[in-house]
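The next block is my_file_38.cif, given as mmCIF, C-alpha atoms.
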```cif
data_data
loop_
_atom_site.label_atom_id
_atom_site.label_comp_id
_atom_site.auth_asym_id
_atom_site.auth_seq_id
_atom_site.Cartn_x
_atom_site.Cartn_y
_atom_site.Cartn_z
CA MET A 1 86.75 157.21 119.68
CA LYS A 2 87.84 157.88 123.22
CA ASP A 3 90.23 160.68 124.03
CA ILE A 4 93.26 159.62 126.00
CA ASP A 5 93.61 161.81 129.04
CA VAL A 6 97.06 162.68 130.32
CA GLY A 7 96.11 164.56 133.44
CA GLN A 8 93.79 167.33 132.19
CA GLU A 9 95.17 167.16 128.68
CA VAL A 10 93.85 165.39 125.62
CA ARG A 11 96.58 164.07 123.37
CA ARG A 12 96.80 165.80 120.04
CA THR A 13 98.93 165.51 116.93
CA GLN A 14 99.81 168.64 114.95
CA ARG A 15 99.36 167.88 111.26
CA SER A 16 100.60 169.88 108.29
CA ASP A 17 98.00 171.46 106.01
CA LYS A 18 99.35 169.32 103.17
CA LEU A 19 98.74 166.09 105.11
CA LYS A 20 95.28 167.23 106.23
CA ARG A 21 94.32 168.13 102.67
CA ASP A 22 95.57 164.79 101.29
CA LEU A 23 93.74 162.73 103.94
CA SER A 24 90.64 164.88 103.72
CA GLN A 25 90.38 164.37 99.93
CA ARG A 26 90.91 160.64 100.26
CA LEU A 27 88.28 160.35 102.99
CA ALA A 28 85.76 162.43 101.00
CA LYS A 29 86.29 160.06 98.07
CA ILE A 30 85.81 157.02 100.34
CA GLU A 31 82.62 158.55 101.75
CA GLY A 32 81.34 158.89 98.17
CA GLN A 33 82.25 155.27 97.45
CA ILE A 34 80.33 154.11 100.54
CA ARG A 35 77.29 156.11 99.40
CA GLY A 36 77.73 154.55 95.95
CA ILE A 37 77.71 151.05 97.45
CA SER A 38 74.52 151.92 99.35
CA ARG A 39 72.86 152.98 96.08
CA MET A 40 74.07 149.79 94.37
CA VAL A 41 72.46 147.70 97.12
CA ASP A 42 69.18 149.62 96.83
CA ASN A 43 69.13 149.40 93.04
CA ASP A 44 69.61 145.61 93.00
CA VAL A 45 73.00 145.82 91.29
CA TYR A 46 74.59 142.39 90.84
CA CYS A 47 76.32 141.20 94.06
CA ASP A 48 79.67 140.45 92.48
CA ASP A 49 79.99 144.04 91.23
CA ILE A 50 79.25 145.36 94.73
CA LEU A 51 81.73 142.92 96.30
CA ASN A 52 84.49 144.19 94.03
CA GLN A 53 83.58 147.77 94.83
CA ILE A 54 83.85 146.90 98.54
CA THR A 55 87.33 145.47 97.95
CA ALA A 56 88.27 148.76 96.25
CA VAL A 57 87.02 150.79 99.23
CA GLN A 58 88.93 148.57 101.65
CA SER A 59 92.09 149.21 99.68
CA ALA A 60 91.45 152.98 99.72
CA ILE A 61 90.96 152.91 103.50
CA GLY A 62 94.15 150.86 103.78
CA SER A 63 96.01 153.68 102.02
CA VAL A 64 94.66 156.27 104.47
CA ARG A 65 95.71 153.99 107.33
CA ASN A 66 99.23 153.59 105.90
CA ILE A 67 99.68 157.34 105.40
CA LEU A 68 98.53 158.03 108.95
CA LEU A 69 100.64 155.20 110.38
CA GLU A 70 103.76 156.49 108.63
CA SER A 71 103.09 160.02 109.83
CA HIS A 72 102.46 158.71 113.38
CA ILE A 73 105.74 156.77 113.49
CA LYS A 74 107.75 159.62 111.96
CA SER A 75 106.33 162.27 114.30
CA CYS A 76 104.68 161.07 117.54
CA VAL A 77 106.65 157.84 118.00
CA LEU A 78 109.98 159.38 117.06
CA GLU A 79 109.51 162.40 119.33
CA SER A 80 108.36 160.28 122.27
CA ILE A 81 111.40 158.03 121.97
CA GLU A 82 113.67 161.08 121.81
CA LYS A 83 112.06 162.21 125.09
CA ASN A 84 112.55 158.68 126.53
CA GLU A 85 108.79 158.13 126.65
CA ASN A 86 109.23 154.61 125.37
CA GLU A 87 105.81 153.40 126.54
CA ILE A 88 104.56 154.71 123.18
CA ILE A 89 106.04 151.53 121.67
CA ASP A 90 103.63 149.31 123.61
CA GLU A 91 100.79 151.48 122.39
CA LEU A 92 102.07 151.20 118.79
CA MET A 93 102.41 147.41 119.09
CA GLY A 94 98.83 147.11 120.36
CA THR A 95 97.60 149.17 117.41
CA LEU A 96 99.67 147.17 114.90
CA LYS A 97 98.38 143.87 116.29
CA ARG A 98 94.78 145.06 115.89
CA MET A 99 95.62 146.07 112.29
CA LEU A 100 97.39 142.82 111.46
CA LYS A 101 94.63 140.56 112.74
CA MET B 1 81.67 150.20 89.18
CA LYS B 2 81.11 148.84 85.71
CA ASP B 3 77.92 147.03 84.79
CA ILE B 4 78.47 143.60 83.30
CA ASP B 5 76.59 143.34 80.03
CA VAL B 6 75.10 140.05 79.01
CA GLY B 7 73.92 140.98 75.54
CA GLN B 8 71.69 144.01 76.14
CA GLU B 9 71.05 143.07 79.76
CA VAL B 10 72.68 144.34 82.89
CA ARG B 11 72.97 141.71 85.61
CA ARG B 12 70.90 142.38 88.67
CA THR B 13 70.29 140.69 92.01
CA GLN B 14 66.84 140.87 93.61
CA ARG B 15 67.29 141.62 97.30
CA SER B 16 64.72 141.32 100.09
CA ASP B 17 63.66 144.52 101.84
CA LYS B 18 65.07 143.09 105.07
CA LEU B 19 68.54 142.62 103.55
CA LYS B 20 68.45 146.06 101.92
CA ARG B 21 67.49 147.68 105.21
CA ASP B 22 70.20 145.87 107.15
CA LEU B 23 72.93 146.75 104.63
CA SER B 24 71.66 150.29 104.24
CA GLN B 25 71.79 150.93 108.00
CA ARG B 26 75.29 149.46 108.25
CA LEU B 27 76.54 151.55 105.32
CA ALA B 28 74.99 154.73 106.74
CA LYS B 29 76.82 154.06 109.99
CA ILE B 30 80.10 153.46 108.13
CA GLU B 31 79.60 156.71 106.20
CA GLY B 32 79.23 158.50 109.53
CA GLN B 33 82.40 156.84 110.84
CA ILE B 34 84.33 157.97 107.76
CA ARG B 35 83.09 161.55 108.28
CA GLY B 36 84.11 161.22 111.93
CA ILE B 37 87.63 160.17 110.93
CA SER B 38 87.82 163.18 108.61
CA ARG B 39 86.90 165.50 111.50
CA MET B 40 89.46 163.79 113.76
CA VAL B 41 92.18 164.43 111.16
CA ASP B 42 91.15 168.10 110.85
CA ASN B 43 90.98 168.61 114.61
CA ASP B 44 94.48 167.22 115.21
CA VAL B 45 93.22 164.27 117.23
CA TYR B 46 96.06 161.96 118.30
CA CYS B 47 97.09 159.56 115.48
CA ASP B 48 96.77 156.37 117.49
CA ASP B 49 93.11 157.12 118.27
CA ILE B 50 92.40 157.67 114.57
CA LEU B 51 94.26 154.48 113.61
CA ASN B 52 92.09 152.44 115.96
CA GLN B 53 88.97 154.11 114.58
CA ILE B 54 90.14 153.12 111.07
CA THR B 55 90.54 149.50 112.22
CA ALA B 56 86.95 149.64 113.55
CA VAL B 57 85.65 150.93 110.20
CA GLN B 58 87.53 148.21 108.31
CA SER B 59 85.90 145.61 110.52
CA ALA B 60 82.44 147.15 109.89
CA ILE B 61 83.04 147.09 106.11
CA GLY B 62 84.21 143.48 106.45
CA SER B 63 80.82 142.63 108.01
CA VAL B 64 78.95 144.23 105.10
CA ARG B 65 81.16 142.27 102.70
CA ASN B 66 80.48 138.99 104.54
CA ILE B 67 76.72 139.54 104.56
CA LEU B 68 76.73 140.32 100.84
CA LEU B 69 79.05 137.40 100.05
CA GLU B 70 76.80 134.98 101.92
CA SER B 71 73.72 136.32 100.19
CA HIS B 72 75.53 136.11 96.81
CA ILE B 73 76.54 132.48 97.30
CA LYS B 74 73.12 131.46 98.63
CA SER B 75 71.19 133.15 95.84
CA CYS B 76 73.10 134.00 92.62
CA VAL B 77 75.74 131.25 92.82
CA LEU B 78 73.29 128.55 93.88
CA GLU B 79 70.74 129.45 91.18
CA SER B 80 73.39 129.63 88.47
CA ILE B 81 74.73 126.19 89.39
CA GLU B 82 71.20 124.79 89.37
CA LYS B 83 70.88 126.16 85.82
CA ASN B 84 74.28 124.62 84.93
CA GLU B 85 75.80 128.08 84.49
CA ASN B 86 78.94 126.98 86.27
CA GLU B 87 81.11 129.80 84.91
CA ILE B 88 79.83 131.78 87.92
CA ILE B 89 82.34 129.78 90.00
CA ASP B 90 85.29 131.28 88.14
CA GLU B 91 83.83 134.72 88.73
CA LEU B 92 83.40 133.90 92.45
CA MET B 93 86.97 132.61 92.72
CA GLY B 94 88.33 135.80 91.12
CA THR B 95 86.36 137.88 93.62
CA LEU B 96 87.47 135.75 96.59
CA LYS B 97 91.13 135.99 95.52
CA ARG B 98 90.88 139.78 95.40
CA MET B 99 89.31 139.72 98.88
CA LEU B 100 91.87 137.34 100.35
CA LYS B 101 94.92 139.25 99.09
CA MET C 1 116.80 136.09 102.14
CA LYS C 2 119.43 138.63 101.18
CA ASP C 3 121.86 139.98 103.73
CA ILE C 4 121.95 143.74 103.90
CA ASP C 5 125.54 144.95 103.59
CA VAL C 6 126.63 148.02 105.47
CA GLY C 7 130.13 148.36 104.14
CA GLN C 8 131.77 144.98 104.88
CA GLU C 9 129.31 144.19 107.64
CA VAL C 10 126.19 142.09 107.59
CA ARG C 11 123.47 143.40 109.87
CA ARG C 12 122.69 141.14 112.79
CA THR C 13 120.31 141.21 115.75
CA GLN C 14 121.43 139.76 119.09
CA ARG C 15 118.57 137.70 120.50
CA SER C 16 118.14 136.40 124.04
CA ASP C 17 118.14 132.62 124.53
CA LYS C 18 114.59 132.91 125.85
CA LEU C 19 113.36 134.57 122.65
CA LYS C 20 115.25 132.11 120.45
CA ARG C 21 113.79 129.16 122.32
CA ASP C 22 110.24 130.54 122.12
CA LEU C 23 110.45 131.26 118.39
CA SER C 24 112.25 128.00 117.70
CA GLN C 25 109.51 125.96 119.41
CA ARG C 26 106.77 127.83 117.58
CA LEU C 27 108.49 127.35 114.22
CA ALA C 28 109.06 123.63 114.88
CA LYS C 29 105.35 123.28 115.61
CA ILE C 30 104.46 125.17 112.41
CA GLU C 31 106.81 122.92 110.42
CA GLY C 32 104.95 119.92 111.83
CA GLN C 33 101.60 121.49 110.90
CA ILE C 34 102.81 122.05 107.31
CA ARG C 35 103.90 118.40 107.11
CA GLY C 36 100.50 117.43 108.51
CA ILE C 37 98.73 119.44 105.80
CA SER C 38 100.87 117.70 103.18
CA ARG C 39 99.79 114.30 104.53
CA MET C 40 96.15 115.41 104.58
CA VAL C 41 96.38 116.36 100.90
CA ASP C 42 97.99 113.01 100.03
CA ASN C 43 95.43 111.03 102.01
CA ASP C 44 92.44 112.68 100.34
CA VAL C 45 91.24 114.32 103.55
CA TYR C 46 88.15 116.48 102.99
CA CYS C 47 89.09 119.94 101.62
CA ASP C 48 87.24 121.95 104.24
CA ASP C 49 89.20 120.29 107.05
CA ILE C 50 92.47 121.14 105.30
CA LEU C 51 91.36 124.73 104.67
CA ASN C 52 90.67 125.22 108.37
CA GLN C 53 94.05 123.70 109.23
CA ILE C 54 95.67 126.19 106.83
CA THR C 55 93.88 129.06 108.61
CA ALA C 56 95.29 127.74 111.91
CA VAL C 57 98.84 127.68 110.51
CA GLN C 58 98.47 131.20 109.16
CA SER C 59 97.44 132.37 112.59
CA ALA C 60 100.46 130.59 114.17
CA ILE C 61 102.82 132.26 111.67
CA GLY C 62 101.13 135.57 112.44
CA SER C 63 102.05 135.10 116.11
CA VAL C 64 105.71 134.47 115.24
CA ARG C 65 105.64 137.60 113.06
CA ASN C 66 104.13 139.69 115.88
CA ILE C 67 106.69 138.48 118.43
CA LEU C 68 109.54 139.25 116.06
CA LEU C 69 108.06 142.61 115.08
CA GLU C 70 107.69 143.64 118.72
CA SER C 71 111.24 142.55 119.48
CA HIS C 72 112.50 144.40 116.39
CA ILE C 73 110.80 147.65 117.34
CA LYS C 74 111.87 147.41 120.99
CA SER C 75 115.49 146.64 120.19
CA CYS C 76 116.75 147.50 116.67
CA VAL C 77 114.37 150.39 115.94
CA LEU C 78 114.69 151.92 119.39
CA GLU C 79 118.50 151.73 119.41
CA SER C 80 118.79 153.13 115.90
CA ILE C 81 116.61 156.11 116.78
CA GLU C 82 118.67 156.72 119.92
CA LYS C 83 121.74 156.83 117.64
CA ASN C 84 119.88 159.20 115.28
CA GLU C 85 119.86 156.56 112.55
CA ASN C 86 116.28 157.43 111.66
CA GLU C 87 116.40 155.84 108.20
CA ILE C 88 115.39 152.63 110.01
CA ILE C 89 111.87 154.06 110.11
CA ASP C 90 111.58 154.01 106.32
CA GLU C 91 112.74 150.41 106.38
CA LEU C 92 110.15 149.58 109.06
CA MET C 93 107.37 151.31 107.10
CA GLY C 94 108.26 149.32 103.97
CA THR C 95 108.10 146.09 105.96
CA LEU C 96 104.79 147.05 107.63
CA LYS C 97 103.23 147.94 104.26
CA ARG C 98 104.19 144.53 102.88
CA MET C 99 102.65 142.92 105.98
CA LEU C 100 99.45 144.96 105.84
CA LYS C 101 98.75 144.31 102.16
CA MET D 1 92.48 118.42 112.42
CA LYS D 2 89.34 116.57 113.34
CA ASP D 3 87.71 114.19 110.92
CA ILE D 4 84.04 114.91 110.32
CA ASP D 5 82.06 111.75 110.91
CA VAL D 6 78.97 111.12 108.85
CA GLY D 7 77.76 107.97 110.53
CA GLN D 8 80.72 105.59 110.28
CA GLU D 9 82.20 107.47 107.35
CA VAL D 10 84.94 110.05 107.28
CA ARG D 11 84.50 112.66 104.59
CA ARG D 12 87.13 112.48 101.88
CA THR D 13 87.95 114.38 98.71
CA GLN D 14 89.38 112.50 95.74
CA ARG D 15 92.25 114.57 94.32
CA SER D 16 94.00 114.18 90.97
CA ASP D 17 97.67 113.18 91.01
CA LYS D 18 98.46 116.48 89.29
CA LEU D 19 96.84 118.50 92.09
CA LYS D 20 98.48 116.39 94.79
CA ARG D 21 101.89 116.81 93.18
CA ASP D 22 101.46 120.58 92.84
CA LEU D 23 100.33 121.06 96.45
CA SER D 24 102.93 118.63 97.74
CA GLN D 25 105.76 120.53 96.04
CA ARG D 26 104.48 123.87 97.31
CA LEU D 27 104.15 122.55 100.87
CA ALA D 28 107.65 121.01 100.77
CA LYS D 29 109.02 124.39 99.71
CA ILE D 30 107.09 126.14 102.51
CA GLU D 31 108.44 123.60 105.03
CA GLY D 32 111.97 124.47 103.85
CA GLN D 33 111.22 128.18 104.21
CA ILE D 34 109.99 127.65 107.80
CA ARG D 35 113.19 125.73 108.61
CA GLY D 36 115.15 128.58 107.00
CA ILE D 37 113.40 131.13 109.22
CA SER D 38 114.25 129.00 112.25
CA ARG D 39 117.94 129.03 111.27
CA MET D 40 117.82 132.79 110.69
CA VAL D 41 116.44 133.29 114.22
CA ASP D 42 119.16 131.06 115.69
CA ASN D 43 121.94 132.76 113.72
CA ASP D 44 120.94 136.26 114.84
CA VAL D 45 120.02 137.38 111.34
CA TYR D 46 118.67 140.95 111.27
CA CYS D 47 114.96 141.07 112.26
CA ASP D 48 113.79 143.00 109.22
CA ASP D 49 115.17 140.32 106.88
CA ILE D 50 113.33 137.62 108.82
CA LEU D 51 110.09 139.65 108.84
CA ASN D 52 110.19 139.93 105.06
CA GLN D 53 110.86 136.20 104.76
CA ILE D 54 107.81 135.58 106.96
CA THR D 55 105.70 137.76 104.64
CA ALA D 56 106.95 135.64 101.71
CA VAL D 57 105.95 132.40 103.48
CA GLN D 58 102.51 133.81 104.29
CA SER D 59 102.01 134.60 100.63
CA ALA D 60 103.11 131.07 99.64
CA ILE D 61 100.64 129.54 102.12
CA GLY D 62 97.97 131.87 100.75
CA SER D 63 98.57 130.38 97.29
CA VAL D 64 98.14 126.83 98.61
CA ARG D 65 94.93 127.94 100.32
CA ASN D 66 93.59 129.52 97.11
CA ILE D 67 94.38 126.43 95.02
CA LEU D 68 92.65 124.20 97.55
CA LEU D 69 89.69 126.57 97.91
CA GLU D 70 89.18 126.68 94.15
CA SER D 71 89.39 122.90 93.91
CA HIS D 72 86.96 122.57 96.85
CA ILE D 73 84.38 124.87 95.29
CA LYS D 74 84.72 123.28 91.84
CA SER D 75 84.43 119.72 93.12
CA CYS D 76 82.91 119.20 96.59
CA VAL D 77 80.67 122.28 96.67
CA LEU D 78 79.47 121.89 93.09
CA GLU D 79 78.68 118.18 93.51
CA SER D 80 76.88 118.72 96.80
CA ILE D 81 74.69 121.43 95.30
CA GLU D 82 73.90 119.18 92.35
CA LYS D 83 72.76 116.56 94.88
CA ASN D 84 70.71 119.24 96.72
CA GLU D 85 72.98 118.97 99.76
CA ASN D 86 72.96 122.74 100.15
CA GLU D 87 74.11 122.70 103.77
CA ILE D 88 77.64 122.65 102.31
CA ILE D 89 77.18 126.37 101.65
CA ASP D 90 76.93 127.15 105.36
CA GLU D 91 80.09 125.15 105.92
CA LEU D 92 81.82 127.07 103.12
CA MET D 93 80.68 130.43 104.52
CA GLY D 94 82.04 129.51 107.97
CA THR D 95 85.39 128.62 106.42
CA LEU D 96 85.50 131.79 104.30
CA LYS D 97 84.71 133.96 107.34
CA ARG D 98 87.57 132.39 109.27
CA MET D 99 89.85 133.06 106.28
CA LEU D 100 88.72 136.63 105.79
CA LYS D 101 89.14 137.65 109.43
#
```
What does this structure look like when you write it as structure tokens?
Amino acid sequence: MKDIDVGQEVRRTQRSDKLKRDLSQRLAKIEGQIRGISRMVDNDVYCDDILNQITAVQSAIGSVRNILLESHIKSCVLESIEKNENEIIDELMGTLKRMLK
Amino acid sequence: MKDIDVGQEVRRTQRSDKLKRDLSQRLAKIEGQIRGISRMVDNDVYCDDILNQITAVQSAIGSVRNILLESHIKSCVLESIEKNENEIIDELMGTLKRMLK
Amino acid sequence: MKDIDVGQEVRRTQRSDKLKRDLSQRLAKIEGQIRGISRMVDNDVYCDDILNQITAVQSAIGSVRNILLESHIKSCVLESIEKNENEIIDELMGTLKRMLK
Amino acid sequence: MKDIDVGQEVRRTQRSDKLKRDLSQRLAKIEGQIRGISRMVDNDVYCDDILNQITAVQSAIGSVRNILLESHIKSCVLESIEKNENEIIDELMGTLKRMLK
């Protein structure tokens, strides 16, 4: 992750405690799932069971991404547009294209 | 993850040490990336930077999935077909459809 | 496709001739590729060749989607936000979630 | 689409009339949907409605791909493995990786 410098500043996004708690719990659960997959590999668990567990993790990460994307559009993007800083839309499009690949 | 019972047996896949080590290192790195994303959320890092980090993690998990899928097809699926246990193909198709959704 | 009624009105998006021409050419090419796939199926062309042609068409449709999405965000979404019609963001999020599934 | 030459031969897949009819009908419907999207673009239909129609087409093409993939694995791949022509698995993996990207 590289910080984006705007002059001396690093760009930040203020998040509510509720959002942080929700994302933090989801990410802790995903971390546990990744550790679980690692144990499955080590313990010679049948491939197909691991593959389905991987699909489940990908879906869980997709949910975190959607929550963060929605929050980004509703806060950062909206505020930037209201300040006529419309270049944020090119940044958003680049990010969406990487996601949609 | 549920184990698939075949009578009293649980299905297993013998994996080479080389494959286990490769997958294990990749999963450890992914676990670290997930923890990193969690810290970024807590520290109010800019959303767009986190979103791109999430895309990177999804790609890393996709690589683990591809390695495991290839190993599954080249070992379990191949051996089952050689033993005329062709029902493994329906199982594989179900797994692929979940992946491709 | 259902039209979205806003009172008596149907929502429309003015598009430049340049954008229409670009999308129209891409869609005509995709239509030809779909017809080509249909012929391949009829003529017993080898499955793997057809599958790779399908992947190519999906990528071409993805490009049309990205062009339209970018144009949507830069025109409709931007203008709505400038008129404080921020409910367009919920609509956009719903559409993005369907895309990202 | 390039034909794969094996000496003078072009690889072919015999398909049942039932499968051909099913795929042919699905592809004809998809072709109509693509033409419909082209008309929507020309007639200045609201972007979000077109984007959702594109998502519907992508899902329809995904179904054609899954039907063809299943038929490929259950015929070509199975028969090749039974003839010990296991190099078909590398071809399948390449195709799956392109699909899963």
Excluding Cys47 (chain B) and any residue of its chain fewer than 6 positions from it, enumerate the residues within 7 Å of it, using all atoms listed in the file, and give them as a PyMOL selection string.
-> chain A and resi 13+68+72
Residues selected by the PyMOL selection byres ((chain C and resi 63) around 12), written as a list in words = Lys97, Leu100 and Lys101 of chain A; Asp22, Leu23, Arg26, Leu27, Ile30, Ala56, Val57, Gln58, Ser59, Ala60, Ile61, Gly62, Val64, Arg65, Asn66, Ile67, Leu68, Leu69 and Glu70 of chain C; Leu51, Ile54 and Gln58 of chain D
Got a sec to resolve the PyMOL selection byres ((chain D) within 7 of (chain C)) on this structure and send the residues as a PyMOL selection string?
-> chain D and resi 1+11-15+20+24+27+31+34+38+41-42+44-47+49+51-55+58+65+68+72+95+99
Could the residues in this selection be written to a file with C-alpha atoms, as a JSON list (two decimals), in the frame of the given file?
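Full text of out-v8.json as output:
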```
[["chain", "number", "residue", "atom", "x", "y", "z"],
["D", 1, "MET", "CA", 92.48, 118.42, 112.42],
["D", 11, "ARG", "CA", 84.50, 112.66, 104.59],
["D", 12, "ARG", "CA", 87.13, 112.48, 101.88],
["D", 13, "THR", "CA", 87.95, 114.38, 98.71],
["D", 14, "GLN", "CA", 89.38, 112.50, 95.74],
["D", 15, "ARG", "CA", 92.25, 114.57, 94.32],
["D", 20, "LYS", "CA", 98.48, 116.39, 94.79],
["D", 24, "SER", "CA", 102.93, 118.63, 97.74],
["D", 27, "LEU", "CA", 104.15, 122.55, 100.87],
["D", 31, "GLU", "CA", 108.44, 123.60, 105.03],
["D", 34, "ILE", "CA", 109.99, 127.65, 107.80],
["D", 38, "SER", "CA", 114.25, 129.00, 112.25],
["D", 41, "VAL", "CA", 116.44, 133.29, 114.22],
["D", 42, "ASP", "CA", 119.16, 131.06, 115.69],
["D", 44, "ASP", "CA", 120.94, 136.26, 114.84],
["D", 45, "VAL", "CA", 120.02, 137.38, 111.34],
["D", 46, "TYR", "CA", 118.67, 140.95, 111.27],
["D", 47, "CYS", "CA", 114.96, 141.07, 112.26],
["D", 49, "ASP", "CA", 115.17, 140.32, 106.88],
["D", 51, "LEU", "CA", 110.09, 139.65, 108.84],
["D", 52, "ASN", "CA", 110.19, 139.93, 105.06],
["D", 53, "GLN", "CA", 110.86, 136.20, 104.76],
["D", 54, "ILE", "CA", 107.81, 135.58, 106.96],
["D", 55, "THR", "CA", 105.70, 137.76, 104.64],
["D", 58, "GLN", "CA", 102.51, 133.81, 104.29],
["D", 65, "ARG", "CA", 94.93, 127.94, 100.32],
["D", 68, "LEU", "CA", 92.65, 124.20, 97.55],
["D", 72, "HIS", "CA", 86.96, 122.57, 96.85],
["D", 95, "THR", "CA", 85.39, 128.62, 106.42],
["D", 99, "MET", "CA", 89.85, 133.06, 106.28]]
```
Pairwise distance for CA of Glu87 (chain B) and CA of Glu87 (chain D), rounded to one decimal in Å =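 Result for CA of Glu87 (chain B) versus CA of Glu87 (chain D): 21.3 Å, one decimal.
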Rounded to one decimal place, report the CA of Lys74 (chain B)-CA of Lys74 (chain D) distance in Å.
->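 Straight-line distance from CA of Lys74 (chain B) to CA of Lys74 (chain D) works out to 15.7 Å.
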In Å, how far is it from CA of Glu82 (chain D) to CA of Lys18 (chain B)?
-> 28.5 Å
Please supply region 73-79 of chain A, rebuilt with all heavy atoms, as a tab-separated table (two decimals), in the frame of the given file.
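The file below, rebuild.tsv, is the result:
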```tsv
chain	number	residue	atom	x	y	z
A	73	ILE	N	104.42	157.29	113.10
A	73	ILE	CA	105.74	156.77	113.49
A	73	ILE	C	106.80	157.84	113.33
A	73	ILE	O	107.67	158.01	114.19
A	73	ILE	CB	106.08	155.50	112.68
A	73	ILE	CG1	105.09	154.37	113.04
A	73	ILE	CG2	107.52	155.05	112.94
A	73	ILE	CD1	105.32	153.06	112.30
A	74	LYS	N	106.71	158.62	112.24
A	74	LYS	CA	107.75	159.62	111.96
A	74	LYS	C	107.61	160.86	112.83
A	74	LYS	O	108.55	161.64	112.94
A	74	LYS	CB	107.72	160.01	110.48
A	74	LYS	CG	108.23	158.88	109.60
A	74	LYS	CD	108.45	159.33	108.17
A	74	LYS	CE	109.21	158.23	107.41
A	74	LYS	NZ	109.28	158.51	105.97
A	75	SER	N	106.44	161.10	113.42
A	75	SER	CA	106.33	162.27	114.30
A	75	SER	C	106.16	161.82	115.75
A	75	SER	O	107.14	161.81	116.51
A	75	SER	CB	105.19	163.19	113.85
A	75	SER	OG	103.95	162.52	113.89
A	76	CYS	N	104.97	161.39	116.13
A	76	CYS	CA	104.68	161.07	117.54
A	76	CYS	C	105.66	160.06	118.12
A	76	CYS	O	106.24	160.27	119.20
A	76	CYS	CB	103.27	160.50	117.70
A	76	CYS	SG	101.98	161.33	116.79
A	77	VAL	N	105.84	158.91	117.43
A	77	VAL	CA	106.65	157.84	118.00
A	77	VAL	C	108.10	158.31	118.13
A	77	VAL	O	108.74	158.15	119.17
A	77	VAL	CB	106.55	156.55	117.15
A	77	VAL	CG1	107.48	155.47	117.69
A	77	VAL	CG2	105.11	156.04	117.13
A	78	LEU	N	108.60	158.91	117.05
A	78	LEU	CA	109.98	159.38	117.06
A	78	LEU	C	110.23	160.39	118.19
A	78	LEU	O	111.18	160.27	118.96
A	78	LEU	CB	110.28	160.03	115.70
A	78	LEU	CG	111.76	160.21	115.36
A	78	LEU	CD1	112.46	158.87	115.28
A	78	LEU	CD2	111.89	160.94	114.02
A	79	GLU	N	109.34	161.36	118.30
A	79	GLU	CA	109.51	162.40	119.33
A	79	GLU	C	109.42	161.81	120.75
A	79	GLU	O	110.18	162.21	121.63
A	79	GLU	CB	108.45	163.50	119.17
A	79	GLU	CG	108.72	164.40	117.97
A	79	GLU	CD	107.49	165.20	117.55
A	79	GLU	OE1	106.63	165.46	118.43
A	79	GLU	OE2	107.38	165.54	116.35
```
